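Printed here is coords_17.txt (compact mmCIF, C-alpha atoms):
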# COMPACT_ATOMS: atom_id res chain seq x y z
CA MET A 1 -34.62 8.10 -19.61
CA ASN A 2 -31.84 7.87 -22.18
CA LYS A 3 -29.30 9.25 -19.73
CA ASN A 4 -30.47 6.79 -17.11
CA ALA A 5 -29.99 3.89 -19.53
CA LYS A 6 -26.44 5.04 -20.28
CA GLU A 7 -25.63 5.32 -16.58
CA ALA A 8 -27.16 1.91 -15.87
CA ILE A 9 -25.06 0.34 -18.64
CA VAL A 10 -21.83 1.87 -17.31
CA LYS A 11 -22.62 0.81 -13.76
CA ALA A 12 -23.40 -2.77 -14.84
CA ALA A 13 -20.32 -2.94 -17.05
CA ILE A 14 -18.01 -1.76 -14.25
CA SER A 15 -19.46 -4.31 -11.85
CA LEU A 16 -19.20 -7.24 -14.30
CA PHE A 17 -15.81 -6.29 -15.75
CA ASN A 18 -14.57 -6.11 -12.18
CA SER A 19 -15.84 -9.50 -10.98
CA ASN A 20 -15.55 -11.55 -14.20
CA GLY A 21 -12.95 -9.63 -16.19
CA TYR A 22 -13.51 -7.79 -19.48
CA SER A 23 -13.07 -10.92 -21.66
CA GLY A 24 -15.27 -12.94 -19.32
CA THR A 25 -18.20 -10.50 -19.71
CA SER A 26 -20.61 -10.39 -22.68
CA ILE A 27 -22.78 -7.55 -23.98
CA ARG A 28 -25.72 -9.80 -23.11
CA ASP A 29 -24.59 -10.04 -19.44
CA ILE A 30 -24.30 -6.25 -19.24
CA ALA A 31 -27.68 -5.62 -20.91
CA SER A 32 -29.30 -8.12 -18.56
CA LEU A 33 -27.81 -6.58 -15.38
CA ALA A 34 -28.54 -3.02 -16.56
CA ASN A 35 -32.04 -4.09 -17.52
CA VAL A 36 -31.72 -2.61 -21.03
CA ASN A 37 -31.94 -3.97 -24.56
CA PRO A 38 -28.52 -4.95 -26.05
CA ALA A 39 -29.29 -2.47 -28.83
CA ALA A 40 -29.09 0.35 -26.26
CA ILE A 41 -25.45 -0.59 -25.61
CA ALA A 42 -24.72 -0.53 -29.34
CA TYR A 43 -26.44 2.88 -29.55
CA HIS A 44 -24.42 4.48 -26.74
CA PHE A 45 -21.06 2.71 -27.02
CA LYS A 46 -21.00 0.95 -30.41
CA ASN A 47 -19.58 -2.29 -28.92
CA LYS A 48 -17.82 -3.81 -25.91
CA THR A 49 -14.53 -2.13 -26.85
CA GLY A 50 -16.33 1.24 -26.94
CA LEU A 51 -17.62 0.58 -23.45
CA LEU A 52 -14.15 -0.36 -22.21
CA GLU A 53 -12.72 2.79 -23.77
CA TYR A 54 -15.41 4.88 -22.08
CA CYS A 55 -14.55 3.34 -18.68
CA PHE A 56 -10.82 3.94 -19.15
CA MET A 57 -11.38 7.58 -20.19
CA HIS A 58 -13.86 8.13 -17.36
CA PHE A 59 -11.29 6.83 -14.87
CA PHE A 60 -8.18 8.56 -16.22
CA GLU A 61 -9.78 11.94 -16.98
CA GLN A 62 -10.67 12.31 -13.32
CA TYR A 63 -7.39 10.73 -12.16
CA ILE A 64 -5.26 13.18 -14.14
CA SER A 65 -7.40 16.17 -13.15
CA LYS A 66 -6.74 15.34 -9.46
CA ILE A 67 -3.02 15.52 -10.19
CA GLU A 68 -3.36 18.73 -12.22
CA ASP A 69 -5.43 20.46 -9.54
CA ALA A 70 -2.91 19.64 -6.84
CA TYR A 71 0.05 20.52 -9.05
CA ALA A 72 -1.28 24.09 -9.29
CA PHE A 73 -0.03 24.51 -5.69
CA ILE A 74 3.54 23.31 -6.36
CA ASP A 75 4.91 26.66 -5.19
CA ARG A 76 3.88 25.82 -1.65
CA GLY A 77 6.50 23.06 -1.79
CA ALA A 78 7.07 19.75 -3.54
CA LYS A 79 6.47 17.70 -0.40
CA GLU A 80 3.16 19.41 0.33
CA CYS A 81 2.10 18.99 -3.28
CA LEU A 82 2.99 15.28 -3.38
CA LYS A 83 1.17 14.63 -0.10
CA ARG A 84 -1.92 16.30 -1.48
CA ILE A 85 -1.80 14.27 -4.69
CA ALA A 86 -1.40 11.07 -2.69
CA ALA A 87 -4.47 11.97 -0.63
CA ASP A 88 -6.59 12.96 -3.61
CA LEU A 89 -5.69 9.87 -5.64
CA LEU A 90 -6.18 7.54 -2.69
CA PHE A 91 -9.63 8.96 -1.91
CA TYR A 92 -10.64 8.97 -5.57
CA GLN A 93 -9.65 5.31 -6.00
CA SER A 94 -11.29 4.32 -2.76
CA GLU A 95 -14.57 5.97 -3.80
CA HIS A 96 -14.47 4.25 -7.21
CA ILE A 97 -13.14 0.94 -6.05
CA GLN A 98 -14.66 -1.38 -8.70
CA LEU A 99 -13.69 0.90 -11.57
CA THR A 100 -10.16 1.30 -10.20
CA SER A 101 -9.65 -2.44 -9.70
CA PHE A 102 -10.75 -3.45 -13.15
CA VAL A 103 -9.00 -0.57 -14.95
CA TYR A 104 -5.65 -1.51 -13.37
CA ARG A 105 -6.18 -5.16 -14.24
CA GLU A 106 -7.21 -4.56 -17.85
CA MET A 107 -4.37 -2.06 -18.38
CA SER A 108 -2.00 -5.03 -18.18
CA ILE A 109 -3.59 -6.83 -21.15
CA GLU A 110 -2.31 -6.12 -24.65
CA SER A 111 -4.79 -4.10 -26.79
CA GLN A 112 -5.13 -1.05 -29.01
CA VAL A 113 -7.23 0.80 -26.40
CA VAL A 114 -4.59 0.19 -23.73
CA ARG A 115 -1.82 1.45 -25.99
CA GLU A 116 -3.76 4.68 -26.61
CA ILE A 117 -4.56 5.23 -22.94
CA MET A 118 -0.94 4.61 -21.99
CA SER A 119 0.43 7.00 -24.59
CA THR A 120 -1.76 9.84 -23.29
CA TYR A 121 -2.65 9.45 -19.62
CA SER A 122 0.31 7.42 -18.35
CA LEU A 123 2.71 9.85 -19.99
CA LYS A 124 0.84 12.82 -18.50
CA GLU A 125 0.96 11.23 -15.07
CA LYS A 126 4.69 10.61 -15.45
CA TYR A 127 5.22 14.22 -16.57
CA TYR A 128 3.67 15.63 -13.39
CA PHE A 129 5.39 13.20 -11.03
CA GLN A 130 8.70 13.96 -12.71
CA LYS A 131 8.13 17.74 -12.33
CA ILE A 132 7.32 17.36 -8.64
CA PHE A 133 10.34 15.17 -7.92
CA GLU A 134 12.62 17.54 -9.84
CA ARG A 135 11.30 20.51 -7.88
CA GLY A 136 11.77 18.56 -4.67
CA PHE A 137 15.43 17.87 -5.49
CA GLU A 138 16.00 21.46 -6.60
CA TRP A 139 14.41 22.96 -3.50
CA ASN A 140 16.31 20.51 -1.28
CA GLU A 141 13.15 18.89 0.00
CA PHE A 142 13.83 15.39 -1.37
CA ARG A 143 16.95 13.27 -1.27
CA PRO A 144 18.26 12.94 -4.87
CA HIS A 145 17.07 9.65 -6.29
CA SER A 146 16.13 7.88 -9.54
CA ILE A 147 12.76 9.28 -10.64
CA PRO A 148 11.40 6.13 -12.34
CA TYR A 149 12.19 4.10 -9.22
CA LEU A 150 10.38 6.66 -7.06
CA ILE A 151 7.35 6.52 -9.37
CA ILE A 152 7.29 2.70 -9.12
CA GLN A 153 7.25 2.86 -5.33
CA LEU A 154 4.67 5.65 -5.08
CA LYS A 155 2.37 3.98 -7.59
CA GLY A 156 2.89 0.61 -5.91
CA LEU A 157 1.77 2.05 -2.59
CA LEU A 158 -1.19 3.84 -4.18
CA MET A 159 -2.36 0.92 -6.33
CA MET A 160 -1.83 -2.09 -4.08
CA PRO A 161 -5.04 -1.79 -2.00
CA PHE A 162 -7.08 -1.85 -5.22
CA MET A 163 -5.26 -4.59 -7.12
CA ASN A 164 -7.04 -7.40 -5.32
CA THR A 165 -9.83 -6.25 -3.06
CA ARG A 166 -10.95 -9.76 -2.12
CA TYR A 167 -7.46 -10.50 -0.81
CA MET A 168 -7.62 -7.26 1.16
CA ARG A 169 -10.96 -8.09 2.71
CA GLU A 170 -10.71 -11.85 3.22
CA VAL A 171 -7.04 -12.30 4.09
CA LEU A 172 -6.02 -8.99 5.68
CA TYR A 173 -9.48 -7.86 6.90
CA VAL A 174 -8.85 -4.43 5.43
CA PHE A 175 -11.68 -2.64 3.61
CA PRO A 176 -10.23 -0.23 1.04
CA ASN A 177 -13.58 1.46 0.31
CA GLU A 178 -14.05 2.69 3.88
CA PRO A 179 -13.13 6.17 5.24
CA PHE A 180 -11.29 4.47 8.13
CA PHE A 181 -8.98 2.81 5.64
CA GLN A 182 -8.48 6.04 3.67
CA GLN A 183 -7.31 7.94 6.73
CA LYS A 184 -5.12 5.20 8.11
CA TYR A 185 -3.47 4.26 4.82
CA LEU A 186 -2.87 7.89 3.87
CA LYS A 187 -0.72 8.20 7.00
CA GLU A 188 1.38 5.29 5.72
CA ILE A 189 1.97 6.95 2.36
CA HIS A 190 2.80 10.25 4.03
CA LEU A 191 5.23 8.36 6.26
CA TRP A 192 6.89 6.94 3.14
CA ILE A 193 7.22 10.49 1.78
CA ASP A 194 8.68 11.77 5.07
CA LYS A 195 10.97 8.82 5.74
CA THR A 196 12.29 7.58 2.42
CA LEU A 197 11.92 10.70 0.29
CA CYS A 198 12.61 13.59 2.67
CA SER A 199 15.11 12.14 5.16
CA ASP A 200 18.90 12.44 4.85
CA VAL A 201 18.60 15.30 2.36
CA PRO A 202 22.19 16.41 1.71
CA ILE A 203 23.06 19.99 2.60
CA LYS A 204 23.76 21.95 -0.56
CA LYS A 205 26.93 23.97 -0.85
CA GLY A 206 26.18 27.57 0.07
CA ALA A 207 22.93 26.70 1.83
CA VAL A 208 22.27 28.57 5.06
CA ILE A 209 21.76 26.15 7.94
CA LYS A 210 19.03 27.45 10.23
CA MET B 211 8.61 -36.63 -25.40
CA ASN B 212 5.54 -36.58 -23.16
CA LYS B 213 7.35 -34.40 -20.63
CA ASN B 214 8.40 -32.05 -23.40
CA ALA B 215 4.78 -31.70 -24.56
CA LYS B 216 3.68 -30.85 -21.03
CA GLU B 217 6.41 -28.26 -20.69
CA ALA B 218 5.60 -26.76 -24.08
CA ILE B 219 1.92 -26.49 -23.11
CA VAL B 220 2.72 -24.72 -19.84
CA LYS B 221 5.14 -22.35 -21.55
CA ALA B 222 2.60 -21.47 -24.26
CA ALA B 223 -0.20 -21.06 -21.72
CA ILE B 224 1.85 -18.68 -19.54
CA SER B 225 2.76 -16.58 -22.54
CA LEU B 226 -0.81 -16.35 -23.89
CA PHE B 227 -2.51 -15.92 -20.50
CA ASN B 228 -0.06 -13.09 -19.88
CA SER B 229 -0.60 -11.18 -23.11
CA ASN B 230 -4.29 -11.92 -23.79
CA GLY B 231 -5.63 -12.78 -20.35
CA TYR B 232 -6.96 -16.17 -19.22
CA SER B 233 -10.48 -15.58 -20.58
CA GLY B 234 -9.09 -14.21 -23.83
CA THR B 235 -7.09 -17.40 -24.50
CA SER B 236 -8.52 -20.63 -25.92
CA ILE B 237 -7.25 -24.21 -25.65
CA ARG B 238 -6.86 -24.05 -29.43
CA ASP B 239 -4.53 -20.99 -29.15
CA ILE B 240 -2.40 -22.80 -26.59
CA ALA B 241 -2.25 -26.03 -28.60
CA SER B 242 -1.27 -24.06 -31.69
CA LEU B 243 1.53 -22.11 -29.96
CA ALA B 244 2.79 -25.22 -28.15
CA ASN B 245 2.61 -27.16 -31.40
CA VAL B 246 0.64 -30.00 -29.81
CA ASN B 247 -2.74 -31.59 -30.39
CA PRO B 248 -5.54 -30.10 -28.22
CA ALA B 249 -6.09 -33.64 -26.92
CA ALA B 250 -2.63 -33.46 -25.30
CA ILE B 251 -3.83 -30.54 -23.17
CA ALA B 252 -6.89 -32.51 -22.11
CA TYR B 253 -4.63 -35.48 -21.28
CA HIS B 254 -2.25 -33.49 -19.08
CA PHE B 255 -4.54 -30.86 -17.55
CA LYS B 256 -8.13 -31.98 -18.18
CA ASN B 257 -9.23 -28.49 -19.31
CA LYS B 258 -8.31 -24.78 -19.27
CA THR B 259 -9.19 -24.49 -15.58
CA GLY B 260 -6.83 -27.38 -14.84
CA LEU B 261 -4.08 -25.56 -16.66
CA LEU B 262 -4.77 -22.34 -14.73
CA GLU B 263 -4.71 -24.29 -11.47
CA TYR B 264 -1.38 -25.85 -12.45
CA CYS B 265 0.10 -22.39 -13.15
CA PHE B 266 -1.13 -20.98 -9.84
CA MET B 267 0.25 -23.95 -7.87
CA HIS B 268 3.53 -23.84 -9.77
CA PHE B 269 3.91 -20.14 -8.91
CA PHE B 270 2.80 -20.24 -5.28
CA GLU B 271 4.60 -23.48 -4.30
CA GLN B 272 7.89 -21.86 -5.21
CA TYR B 273 6.86 -18.47 -3.81
CA ILE B 274 6.00 -19.89 -0.39
CA SER B 275 9.07 -22.10 -0.28
CA LYS B 276 11.25 -18.97 -0.75
CA ILE B 277 9.59 -17.48 2.33
CA GLU B 278 9.90 -20.71 4.32
CA ASP B 279 13.58 -21.12 3.47
CA ALA B 280 14.38 -17.58 4.57
CA TYR B 281 12.20 -17.84 7.68
CA ALA B 282 14.41 -20.70 8.91
CA PHE B 283 17.01 -17.99 9.71
CA ILE B 284 14.67 -15.80 11.78
CA ASP B 285 16.97 -16.15 14.81
CA ARG B 286 19.56 -14.03 13.04
CA GLY B 287 17.11 -11.14 13.35
CA ALA B 288 13.74 -10.09 11.94
CA LYS B 289 15.22 -7.32 9.79
CA GLU B 290 17.80 -9.63 8.24
CA CYS B 291 15.13 -12.24 7.61
CA LEU B 292 12.74 -9.78 5.97
CA LYS B 293 15.49 -8.36 3.76
CA ARG B 294 16.37 -11.85 2.61
CA ILE B 295 12.73 -12.66 1.82
CA ALA B 296 12.38 -9.41 -0.14
CA ALA B 297 15.46 -10.31 -2.18
CA ASP B 298 14.40 -13.90 -2.82
CA LEU B 299 10.84 -12.96 -3.82
CA LEU B 300 12.00 -10.09 -6.02
CA PHE B 301 14.50 -12.29 -7.89
CA TYR B 302 12.02 -15.14 -8.19
CA GLN B 303 9.35 -12.85 -9.68
CA SER B 304 11.83 -11.15 -11.97
CA GLU B 305 13.00 -14.53 -13.31
CA HIS B 306 9.40 -15.68 -13.92
CA ILE B 307 8.04 -12.38 -15.11
CA GLN B 308 5.24 -13.59 -17.40
CA LEU B 309 3.97 -16.12 -14.89
CA THR B 310 4.09 -13.53 -12.09
CA SER B 311 2.25 -10.89 -14.09
CA PHE B 312 -0.59 -13.10 -15.15
CA VAL B 313 -0.98 -14.85 -11.78
CA TYR B 314 -1.36 -11.50 -9.99
CA ARG B 315 -3.86 -10.32 -12.57
CA GLU B 316 -5.97 -13.51 -12.55
CA MET B 317 -5.93 -13.64 -8.74
CA SER B 318 -8.18 -10.58 -8.79
CA ILE B 319 -10.94 -12.31 -10.78
CA GLU B 320 -13.65 -14.22 -8.93
CA SER B 321 -13.39 -18.03 -9.31
CA GLN B 322 -13.32 -21.29 -7.39
CA VAL B 323 -9.62 -21.83 -8.16
CA VAL B 324 -8.73 -18.37 -6.86
CA ARG B 325 -10.69 -18.97 -3.64
CA GLU B 326 -8.77 -22.21 -3.04
CA ILE B 327 -5.38 -20.64 -3.76
CA MET B 328 -6.17 -17.72 -1.48
CA SER B 329 -7.30 -19.91 1.38
CA THR B 330 -4.04 -21.87 1.30
CA TYR B 331 -1.13 -19.83 -0.06
CA SER B 332 -2.24 -16.29 0.81
CA LEU B 333 -2.93 -17.34 4.37
CA LYS B 334 0.44 -19.08 4.60
CA GLU B 335 2.18 -15.98 3.29
CA LYS B 336 0.33 -13.82 5.81
CA TYR B 337 1.27 -16.24 8.62
CA TYR B 338 4.99 -15.87 7.91
CA PHE B 339 4.93 -12.11 7.45
CA GLN B 340 2.97 -11.76 10.68
CA LYS B 341 5.51 -13.92 12.56
CA ILE B 342 8.41 -11.85 11.24
CA PHE B 343 6.78 -8.52 12.11
CA GLU B 344 5.86 -9.78 15.59
CA ARG B 345 9.42 -10.93 16.19
CA GLY B 346 10.68 -7.56 14.95
CA PHE B 347 8.48 -5.69 17.44
CA GLU B 348 9.40 -8.05 20.26
CA TRP B 349 13.13 -7.82 19.60
CA ASN B 350 12.89 -4.03 19.26
CA GLU B 351 14.02 -4.07 15.65
CA PHE B 352 10.81 -2.63 14.14
CA ARG B 353 8.72 0.33 15.21
CA PRO B 354 5.33 -1.02 16.43
CA HIS B 355 2.81 -0.77 13.63
CA SER B 356 -0.35 -2.33 12.20
CA ILE B 357 0.68 -5.66 10.62
CA PRO B 358 -1.93 -5.73 7.80
CA TYR B 359 -0.89 -2.20 6.76
CA LEU B 360 2.75 -3.26 6.70
CA ILE B 361 1.88 -6.30 4.57
CA ILE B 362 0.01 -4.06 2.09
CA GLN B 363 3.03 -1.81 1.69
CA LEU B 364 5.59 -4.59 1.44
CA LYS B 365 3.49 -6.50 -1.08
CA GLY B 366 2.75 -3.30 -3.00
CA LEU B 367 6.47 -2.64 -3.36
CA LEU B 368 7.19 -6.25 -4.32
CA MET B 369 4.32 -6.63 -6.79
CA MET B 370 4.23 -3.26 -8.54
CA PRO B 371 7.03 -3.89 -11.09
CA PHE B 372 5.20 -7.00 -12.30
CA MET B 373 1.63 -5.67 -12.38
CA ASN B 374 2.04 -3.97 -15.73
CA THR B 375 5.33 -4.73 -17.42
CA ARG B 376 4.50 -2.81 -20.62
CA TYR B 377 3.95 0.34 -18.54
CA MET B 378 7.30 -0.29 -16.87
CA ARG B 379 9.13 -0.73 -20.16
CA GLU B 380 7.38 1.82 -22.38
CA VAL B 381 6.60 4.63 -19.94
CA LEU B 382 9.31 4.38 -17.28
CA TYR B 383 12.00 2.61 -19.38
CA VAL B 384 12.54 0.13 -16.57
CA PHE B 385 13.05 -3.56 -17.41
CA PRO B 386 11.93 -5.69 -14.47
CA ASN B 387 13.37 -8.92 -15.88
CA GLU B 388 16.96 -7.62 -15.90
CA PRO B 389 19.62 -8.18 -13.20
CA PHE B 390 20.30 -4.42 -13.20
CA PHE B 391 16.71 -3.80 -12.14
CA GLN B 392 16.81 -6.54 -9.51
CA GLN B 393 19.83 -5.04 -7.79
CA LYS B 394 18.66 -1.43 -7.99
CA TYR B 395 15.09 -2.08 -6.90
CA LEU B 396 16.16 -4.37 -4.07
CA LYS B 397 18.03 -1.41 -2.58
CA GLU B 398 14.76 0.57 -2.63
CA ILE B 399 12.90 -2.13 -0.75
CA HIS B 400 15.73 -2.45 1.76
CA LEU B 401 15.61 1.33 2.19
CA TRP B 402 11.89 1.07 2.96
CA ILE B 403 12.69 -1.57 5.59
CA ASP B 404 15.43 0.58 7.11
CA LYS B 405 13.59 3.89 6.96
CA THR B 406 9.93 3.22 7.60
CA LEU B 407 10.13 -0.04 9.53
CA CYS B 408 13.32 0.24 11.56
CA SER B 409 13.62 3.97 12.28
CA ASP B 410 12.31 5.70 15.41
CA VAL B 411 12.07 2.41 17.28
CA PRO B 412 11.00 3.39 20.81
CA ILE B 413 13.38 2.48 23.61
CA LYS B 414 11.84 -0.16 25.81
CA LYS B 415 11.75 0.40 29.55
CA GLY B 416 14.68 -1.41 31.13
CA ALA B 417 16.60 -1.62 27.87
CA VAL B 418 20.31 -0.89 28.10
CA ILE B 419 21.31 1.93 25.75
CA LYS B 420 24.66 1.14 24.18

Here is the file; what I need is its structure written in the form of structure tokens.
Amino acid sequence: MNKNAKEAIVKAAISLFNSNGYSGTSIRDIASLANVNPAAIAYHFKNKTGLLEYCFMHFFEQYISKIEDAYAFIDRGAKECLKRIAADLLFYQSEHIQLTSFVYREMSIESQVVREIMSTYSLKEKYYFQKIFERGFEWNEFRPHSIPYLIIQLKGLLMMPFMNTRYMREVLYVFPNEPFFQQKYLKEIHLWIDKTLCSDVPIKKGAVIK
Amino acid sequence: MNKNAKEAIVKAAISLFNSNGYSGTSIRDIASLANVNPAAIAYHFKNKTGLLEYCFMHFFEQYISKIEDAYAFIDRGAKECLKRIAADLLFYQSEHIQLTSFVYREMSIESQVVREIMSTYSLKEKYYFQKIFERGFEWNEFRPHSIPYLIIQLKGLLMMPFMNTRYMREVLYVFPNEPFFQQKYLKEIHLWIDKTLCSDVPIKKGAVIK
């Protein structure tokens, strides 16, 4: 019963934070949608900030573990590893579309919680991407390039479908929560990896041309 | 004097909406930062929604006119035209970084104003991009491809640096308001156009290979 209440609160919070924004949502709104007493929210999460923190952690813990799991296979090649991470992150975001949308939006608003999340998870994410790109340069899989500028592009491609899902649905008629989208868009990201990251790789001195 | 008050209000609103979010900002905060009486805001913009609407229009009027101006030169080639639009939009966003960041964030929150903006400006934007891609296919400049999926990628690349400017500065050490960034990142977008849009263009039957 208690666990169900907690789950209902999180589900309601994600839905309301997503459609009305974090600041535009009250504890009362969440309690009402979750069909619980506002005191239950205080009991589980202390306050609205506690609930926001829980959502951020919930999102980023899983997000980073997707990257870590795929990074374990780096020895099969940097390109393979990056393609797998792109797939895992895309599917994860697509399956948690409301959470993803609101987390990305709220991450751009100044707050203590955001600063803490950024100084742990965003740095971890950067660490892994940097490792993969460095391996890719070293193993002659990727064309040498500025790592921060590669991260911007990769994250731009991965985040865009979830930044404004109404725009996606109502203007472009694309539905980022559907398996059809996942498969089709993944091909686009893999194409970016093949075409802008892996093409025109210079031949290293001493390399054996097969 | 009156004009100065209006400008001061808009400047303060953009700054506060950007750092605290639209919902997290009050008329009182704006009046205080702009050093005007709250009644002056009511006089110029009616209410907070009026001010938000003004900011959206201000952003998108200029945004669309950049696209329209560049589209006038479509006969010089679809690739040239798209590269020019990418440059103009990137520079425009970089020069209005706070406005850009907050407009993109607020566009993802459900409201009447957002619906109206989307049904005018987002459709106009889509119309021009569609035209350019169609011309590019027709003139054999671009590899045939799904237009909505191209728009997602192009917009993802163009929007990403402005979605979370603190992340850009504090995690990646990239400063999206600086001319150095503009020049370097524009090359990345042009590379995307060259590599994923313009490579492997199939040879049309009857075409003369030079």

Inset, instruction - Check every residue of chain B for an atom within 7 Å of chain A, counting only C-alpha atoms, and provide those that qualify as a PyMOL selection string. - result: chain B and resi 229-231+233-234+315+318-320+333+358+362-363+366-367+370-371+373-374+381-382+402+405-406

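Here CA of Phe60 (chain A) and CA of Tyr121 (chain A) stand 6.6 Å from one another.
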
List the residues sitting within 12 Å of (-26.2, 0.8, -23.0) in the file's frame, using only C-alpha atoms, as a PDB file with C-alpha atoms, keeping the file's coordinate frame.
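Wrote it out as out38.pdb, contents follow:
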ATOM      1  CA  MET A   1     -34.620   8.100 -19.610  1.00  0.00           C
ATOM      2  CA  ASN A   2     -31.840   7.870 -22.180  1.00  0.00           C
ATOM      3  CA  LYS A   3     -29.300   9.250 -19.730  1.00  0.00           C
ATOM      4  CA  ASN A   4     -30.470   6.790 -17.110  1.00  0.00           C
ATOM      5  CA  ALA A   5     -29.990   3.890 -19.530  1.00  0.00           C
ATOM      6  CA  LYS A   6     -26.440   5.040 -20.280  1.00  0.00           C
ATOM      7  CA  GLU A   7     -25.630   5.320 -16.580  1.00  0.00           C
ATOM      8  CA  ALA A   8     -27.160   1.910 -15.870  1.00  0.00           C
ATOM      9  CA  ILE A   9     -25.060   0.340 -18.640  1.00  0.00           C
ATOM     10  CA  VAL A  10     -21.830   1.870 -17.310  1.00  0.00           C
ATOM     11  CA  LYS A  11     -22.620   0.810 -13.760  1.00  0.00           C
ATOM     12  CA  ALA A  12     -23.400  -2.770 -14.840  1.00  0.00           C
ATOM     13  CA  ALA A  13     -20.320  -2.940 -17.050  1.00  0.00           C
ATOM     14  CA  ILE A  27     -22.780  -7.550 -23.980  1.00  0.00           C
ATOM     15  CA  ARG A  28     -25.720  -9.800 -23.110  1.00  0.00           C
ATOM     16  CA  ASP A  29     -24.590 -10.040 -19.440  1.00  0.00           C
ATOM     17  CA  ILE A  30     -24.300  -6.250 -19.240  1.00  0.00           C
ATOM     18  CA  ALA A  31     -27.680  -5.620 -20.910  1.00  0.00           C
ATOM     19  CA  SER A  32     -29.300  -8.120 -18.560  1.00  0.00           C
ATOM     20  CA  LEU A  33     -27.810  -6.580 -15.380  1.00  0.00           C
ATOM     21  CA  ALA A  34     -28.540  -3.020 -16.560  1.00  0.00           C
ATOM     22  CA  ASN A  35     -32.040  -4.090 -17.520  1.00  0.00           C
ATOM     23  CA  VAL A  36     -31.720  -2.610 -21.030  1.00  0.00           C
ATOM     24  CA  ASN A  37     -31.940  -3.970 -24.560  1.00  0.00           C
ATOM     25  CA  PRO A  38     -28.520  -4.950 -26.050  1.00  0.00           C
ATOM     26  CA  ALA A  39     -29.290  -2.470 -28.830  1.00  0.00           C
ATOM     27  CA  ALA A  40     -29.090   0.350 -26.260  1.00  0.00           C
ATOM     28  CA  ILE A  41     -25.450  -0.590 -25.610  1.00  0.00           C
ATOM     29  CA  ALA A  42     -24.720  -0.530 -29.340  1.00  0.00           C
ATOM     30  CA  TYR A  43     -26.440   2.880 -29.550  1.00  0.00           C
ATOM     31  CA  HIS A  44     -24.420   4.480 -26.740  1.00  0.00           C
ATOM     32  CA  PHE A  45     -21.060   2.710 -27.020  1.00  0.00           C
ATOM     33  CA  LYS A  46     -21.000   0.950 -30.410  1.00  0.00           C
ATOM     34  CA  ASN A  47     -19.580  -2.290 -28.920  1.00  0.00           C
ATOM     35  CA  LYS A  48     -17.820  -3.810 -25.910  1.00  0.00           C
ATOM     36  CA  GLY A  50     -16.330   1.240 -26.940  1.00  0.00           C
ATOM     37  CA  LEU A  51     -17.620   0.580 -23.450  1.00  0.00           C
ATOM     38  CA  TYR A  54     -15.410   4.880 -22.080  1.00  0.00           C
TER      39      TYR A  54
END

Legend entry - Distance of CA of Ser94 (chain A) from CA of Cys81 (chain A), expressed in Å to one decimal place: 19.9 Å

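Across the model, the gap from CA of Glu351 (chain B) to CA of Asp285 (chain B) is 12.5 Å.
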
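Among the candidates B:Gln322, B:Thr259, B:Thr330, B:Ser275, the one nearest to Tyr302 (chain B) when counting all atoms listed in the file is B:Ser275.
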